[in-house]
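The next block holds one structure in the form of structure tokens; read it before the comments.
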There are 2 protein chains.
Amino acid sequence: MPVIKGGEGAGLHLKRGQELAIVNTHGSQVVDLFVHNAADLGEIMSIQHSRNVWYRLQPKAGDQLWTQLRRPILTMVSDGSPGVHDTLFPCCDARRYEQLGVKGYHRNCADNWRAALRSLAIEPPATVPTALNLFMNVPVAADGSFKILPPVSRPGDRVTFRAEMDCVIALSACPVDMLPLNGPDCKPQDVEYLLS
Amino acid sequence: MPVIKGGEGAGLHLKRGQELAIVNTHGSQVVDLFVHNAADLGEIMSIQHSRNVWYRLQPKAGDQLWTQLRRPILTMVSDGSPGVHDTLFPCCDARRYEQLGVKGYHRNCADNWRAALRSLAIEPPATVPTALNLFMNVPVAADGSFKILPPVSRPGDRVTFRAEMDCVIALSACPVDMLPLNGPDCKPQDVEYLLS
């Protein structure tokens, strides 16, 4: 299976009907999933519009991800993980690390999204799309507050999506390493994916 | 005070330091709030990035709304309502009403946003920004599911914001009339606002 190094990203084309499995090889790595309509890169998977379909904070197997034009773009076919994913946070970006006090350049999911598209010879649009933050563990308390905890996913857990239209996909093995977002050791790990 | 008719919208300029109060005149009207940087309309208030500041589903008095460039654009100075606002739903749009089975044109918050900007001689960008859905009551259950209930706000409740940069603002008195989103009678009502 193709490997995405911890903290890095990958870009791929997914034809309508094709499936993409994302495998949490070591169990604790968050993977940001960005999806564009291949025929119109400005049509993007929108977390807000997808929630309007689910009426739930997190998707379950069988749920669809929708675009901002309210059309299905991916279906979550199966979820072999405990089903804990985040839809509340934006992806990390250069400015976020700067605000966290990091000196100099830090890899980030926004730049991984850009690099993923460029690896397919696609110039990324100006605005970073919303991402589904797979395996990211953000429990919401009764008062609406939330926090980031280490993932509860396990080595080998996989989530599979089917394309509902021809898609361009970017995956980012989130580079966060100053919070236990990617596990208690704060160390991004490799993940794998499989196209079928 | 200027009035926004139920189901309609308004556009306004807010200079840095100016305040905008939004008054729920009859108590049960949801108001979608869209905010742009006046100097760069592509910099917009982003609910995802604002949540990353709050670590909470809903803003409280003192919280800031941030743009996708992770800069403060508005501060919620005071909240005289019970503090129940929605950040999970996208604004309603023509396609949403079509999917709800409405025949013909139905007013919607996305078109109200467009008309609000055009009333200021500003051509709206292609992508509809995320909105803060003031007074919208979307309780989230322990399993992460949620539903839309009538607002718990009361006649005269007001929320006040201060501009942290020169802004262009669009307000929409949400036109939803087939769900009790704007109160049990499903009837959009007028709201008022005050610039100071």
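So you can find residues: chains in the structure tokens are A, B, ... in the order shown, residues in each start at 1, and ligands are numbered from 1 in order.
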
Would you mind writing down, as a list in words, each residue of chain B that DSSP on the backbone assigns to alpha helix (DSSP H)? Ile47, Gln48, His49, Ser50, Arg51, Asn52, Val53, Trp54, Ala94, Arg95, Arg96, Tyr97, Glu98, Gln99, Cys109, Ala110, Asp111, Asn112, Trp113, Arg114, Ala115, Ala116, Leu117, Arg118 and Ser119 of chain B

Output for the residues just chosen: C-alpha atoms as a PDB file, in the first residue's frame:
```pdb
ATOM      1  CA  ILE B  47     -16.749  29.599  12.121  1.00  0.00           C
ATOM      2  CA  GLN B  48     -14.156  26.781  12.073  1.00  0.00           C
ATOM      3  CA  HIS B  49     -11.304  29.152  12.882  1.00  0.00           C
ATOM      4  CA  SER B  50     -13.362  30.974  15.515  1.00  0.00           C
ATOM      5  CA  ARG B  51     -14.107  27.680  17.291  1.00  0.00           C
ATOM      6  CA  ASN B  52     -10.371  27.011  17.365  1.00  0.00           C
ATOM      7  CA  VAL B  53     -10.132  30.142  19.536  1.00  0.00           C
ATOM      8  CA  TRP B  54     -13.143  29.415  21.769  1.00  0.00           C
ATOM      9  CA  ALA B  94     -31.918  28.002  -2.925  1.00  0.00           C
ATOM     10  CA  ARG B  95     -30.815  24.374  -3.273  1.00  0.00           C
ATOM     11  CA  ARG B  96     -31.768  23.643   0.341  1.00  0.00           C
ATOM     12  CA  TYR B  97     -35.369  24.744  -0.220  1.00  0.00           C
ATOM     13  CA  GLU B  98     -35.510  22.761  -3.446  1.00  0.00           C
ATOM     14  CA  GLN B  99     -34.370  19.687  -1.495  1.00  0.00           C
ATOM     15  CA  CYS B 109     -29.886  33.529   3.598  1.00  0.00           C
ATOM     16  CA  ALA B 110     -27.314  32.972   0.827  1.00  0.00           C
ATOM     17  CA  ASP B 111     -29.248  35.241  -1.558  1.00  0.00           C
ATOM     18  CA  ASN B 112     -29.826  37.718   1.277  1.00  0.00           C
ATOM     19  CA  TRP B 113     -26.032  37.797   1.771  1.00  0.00           C
ATOM     20  CA  ARG B 114     -25.565  38.461  -1.958  1.00  0.00           C
ATOM     21  CA  ALA B 115     -28.233  41.194  -1.990  1.00  0.00           C
ATOM     22  CA  ALA B 116     -26.757  42.768   1.166  1.00  0.00           C
ATOM     23  CA  LEU B 117     -23.340  43.120  -0.474  1.00  0.00           C
ATOM     24  CA  ARG B 118     -24.872  44.386  -3.711  1.00  0.00           C
ATOM     25  CA  SER B 119     -26.789  47.033  -1.723  1.00  0.00           C
TER      26      SER B 119
END
```

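Residues within 10 Å of B:Pro184, counting only C-alpha atoms and excluding same-chain residues fewer than 6 positions away, are Ser28, Leu149, Pro150, Pro151 and Asp177 of chain B.
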
Compile the residues of chain A that lie within 6 Å of chain B, evaluated using only C-alpha atoms, and express the compilation as a PDB file with N, CA, C and O atoms, in the first residue's frame.
```pdb
ATOM      1  N   GLN A  48     -19.731  21.878   6.948  1.00  0.00           N
ATOM      2  CA  GLN A  48     -21.006  22.473   7.394  1.00  0.00           C
ATOM      3  C   GLN A  48     -22.185  21.838   6.642  1.00  0.00           C
ATOM      4  O   GLN A  48     -23.196  21.491   7.246  1.00  0.00           O
ATOM      5  N   HIS A  49     -22.043  21.724   5.327  1.00  0.00           N
ATOM      6  CA  HIS A  49     -23.145  21.167   4.531  1.00  0.00           C
ATOM      7  C   HIS A  49     -23.309  19.669   4.775  1.00  0.00           C
ATOM      8  O   HIS A  49     -24.423  19.156   4.698  1.00  0.00           O
ATOM      9  N   TYR A  55     -27.108  15.601  10.604  1.00  0.00           N
ATOM     10  CA  TYR A  55     -27.677  16.043  11.895  1.00  0.00           C
ATOM     11  C   TYR A  55     -26.914  15.392  13.062  1.00  0.00           C
ATOM     12  O   TYR A  55     -27.488  14.966  14.061  1.00  0.00           O
ATOM     13  N   ARG A  56     -25.603  15.337  12.908  1.00  0.00           N
ATOM     14  CA  ARG A  56     -24.720  14.700  13.902  1.00  0.00           C
ATOM     15  C   ARG A  56     -23.338  15.323  13.741  1.00  0.00           C
ATOM     16  O   ARG A  56     -22.973  15.721  12.630  1.00  0.00           O
ATOM     17  N   LEU A  57     -22.552  15.400  14.811  1.00  0.00           N
ATOM     18  CA  LEU A  57     -21.226  16.007  14.704  1.00  0.00           C
ATOM     19  C   LEU A  57     -20.275  15.145  13.892  1.00  0.00           C
ATOM     20  O   LEU A  57     -19.349  15.655  13.267  1.00  0.00           O
ATOM     21  N   PHE A  89     -12.702  21.444  14.048  1.00  0.00           N
ATOM     22  CA  PHE A  89     -11.485  22.243  13.864  1.00  0.00           C
ATOM     23  C   PHE A  89     -11.165  22.465  12.383  1.00  0.00           C
ATOM     24  O   PHE A  89     -11.367  21.578  11.551  1.00  0.00           O
ATOM     25  N   PRO A  90     -10.598  23.634  12.080  1.00  0.00           N
ATOM     26  CA  PRO A  90     -10.040  23.834  10.746  1.00  0.00           C
ATOM     27  C   PRO A  90      -8.711  23.085  10.689  1.00  0.00           C
ATOM     28  O   PRO A  90      -8.158  22.730  11.741  1.00  0.00           O
ATOM     29  N   GLY A 144     -20.909  22.368  25.839  1.00  0.00           N
ATOM     30  CA  GLY A 144     -20.487  22.775  24.501  1.00  0.00           C
ATOM     31  C   GLY A 144     -18.990  23.017  24.375  1.00  0.00           C
ATOM     32  O   GLY A 144     -18.500  23.283  23.287  1.00  0.00           O
ATOM     33  N   SER A 145     -18.267  22.947  25.487  1.00  0.00           N
ATOM     34  CA  SER A 145     -16.808  23.103  25.397  1.00  0.00           C
ATOM     35  C   SER A 145     -16.200  21.795  24.909  1.00  0.00           C
ATOM     36  O   SER A 145     -16.805  20.723  25.037  1.00  0.00           O
ATOM     37  N   PHE A 146     -15.021  21.874  24.334  1.00  0.00           N
ATOM     38  CA  PHE A 146     -14.369  20.651  23.860  1.00  0.00           C
ATOM     39  C   PHE A 146     -12.869  20.748  24.050  1.00  0.00           C
ATOM     40  O   PHE A 146     -12.323  21.823  24.322  1.00  0.00           O
TER      41      PHE A 146
END
```

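Between atom CA of A:Asp40 and atom CA of A:Pro175 lies a distance of 28.3 Å.
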
Residues at most 12 Å from B:Val168, counting only C-alpha atoms, excluding those fewer than 2 positions away in the same chain, as an MDAnalysis selection string? chainID B and resid 10:16 20 33:45 73:74 113 116:124 163:166 170:171

Taking the chain letters and numbering used in this document, name the residues of chain B that DSSP puts in strand (DSSP E or B), as number ranges by chain. B: 3-4, 9-14, 19-24, 31-37, 40-45, 56, 64-67, 72-79, 86, 132-134, 137, 140, 145-146, 149, 157-163, 167-173, 191-195

To one decimal place, how far is atom CA of B:Leu134 from atom CA of B:Val31 in Å? 5.1 Å

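Among the candidates A:His85, A:Lys5, A:Arg154, A:Arg162, the one nearest to A:Arg107 when counting only C-alpha atoms is A:Lys5.
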
All residues 7 Å or closer to B:Asn24, only C-alpha atoms, same chain fewer than 4 positions away omitted, as a VMD selection string: chain B and resid 28 to 29 155 to 158 191 to 192

Store the residues of this selection in a file with all heavy atoms, as a compact mmCIF listing (two decimals), in the first residue's frame.
```txt
# COMPACT_ATOMS: atom_id res chain seq x y z
N SER B 28 -38.01 35.50 18.55
CA SER B 28 -37.79 34.13 18.04
C SER B 28 -37.17 34.08 16.65
O SER B 28 -37.23 33.05 15.98
CB SER B 28 -39.12 33.38 18.02
OG SER B 28 -40.00 34.01 17.11
N GLN B 29 -36.58 35.18 16.22
CA GLN B 29 -36.05 35.22 14.86
C GLN B 29 -34.55 34.92 14.83
O GLN B 29 -33.77 35.57 15.51
CB GLN B 29 -36.31 36.60 14.24
CG GLN B 29 -35.75 36.76 12.84
CD GLN B 29 -36.35 35.78 11.84
OE1 GLN B 29 -37.56 35.58 11.81
NE2 GLN B 29 -35.52 35.14 11.03
N PRO B 155 -38.21 38.58 23.38
CA PRO B 155 -38.37 39.86 22.70
C PRO B 155 -37.42 40.91 23.27
O PRO B 155 -37.33 41.07 24.49
CB PRO B 155 -39.84 40.23 22.97
CG PRO B 155 -40.52 38.91 23.17
CD PRO B 155 -39.50 38.04 23.85
N GLY B 156 -36.70 41.59 22.39
CA GLY B 156 -35.79 42.65 22.83
C GLY B 156 -34.38 42.17 23.14
O GLY B 156 -33.50 43.00 23.37
N ASP B 157 -34.15 40.87 23.15
CA ASP B 157 -32.79 40.36 23.39
C ASP B 157 -31.83 40.95 22.35
O ASP B 157 -32.15 40.99 21.16
CB ASP B 157 -32.75 38.83 23.28
CG ASP B 157 -33.18 38.14 24.57
OD1 ASP B 157 -33.47 38.84 25.57
OD2 ASP B 157 -33.22 36.89 24.57
N ARG B 158 -30.68 41.40 22.82
CA ARG B 158 -29.74 41.97 21.87
C ARG B 158 -28.32 41.44 22.10
O ARG B 158 -27.91 41.18 23.22
CB ARG B 158 -29.76 43.49 21.90
CG ARG B 158 -29.11 44.15 23.08
CD ARG B 158 -28.97 45.68 22.85
NE ARG B 158 -30.27 46.32 22.65
CZ ARG B 158 -30.42 47.58 22.23
NH1 ARG B 158 -29.37 48.34 21.97
NH2 ARG B 158 -31.63 48.10 22.10
N VAL B 191 -36.47 42.06 12.62
CA VAL B 191 -35.47 42.32 13.68
C VAL B 191 -34.94 43.74 13.46
O VAL B 191 -35.23 44.37 12.43
CB VAL B 191 -34.31 41.29 13.65
CG1 VAL B 191 -34.82 39.89 13.93
CG2 VAL B 191 -33.56 41.33 12.33
N GLU B 192 -34.18 44.23 14.41
CA GLU B 192 -33.62 45.57 14.29
C GLU B 192 -32.13 45.53 14.58
O GLU B 192 -31.63 44.58 15.17
CB GLU B 192 -34.30 46.52 15.30
CG GLU B 192 -35.75 46.81 14.97
CD GLU B 192 -36.52 47.32 16.20
OE1 GLU B 192 -36.72 46.52 17.15
OE2 GLU B 192 -36.89 48.49 16.20
```
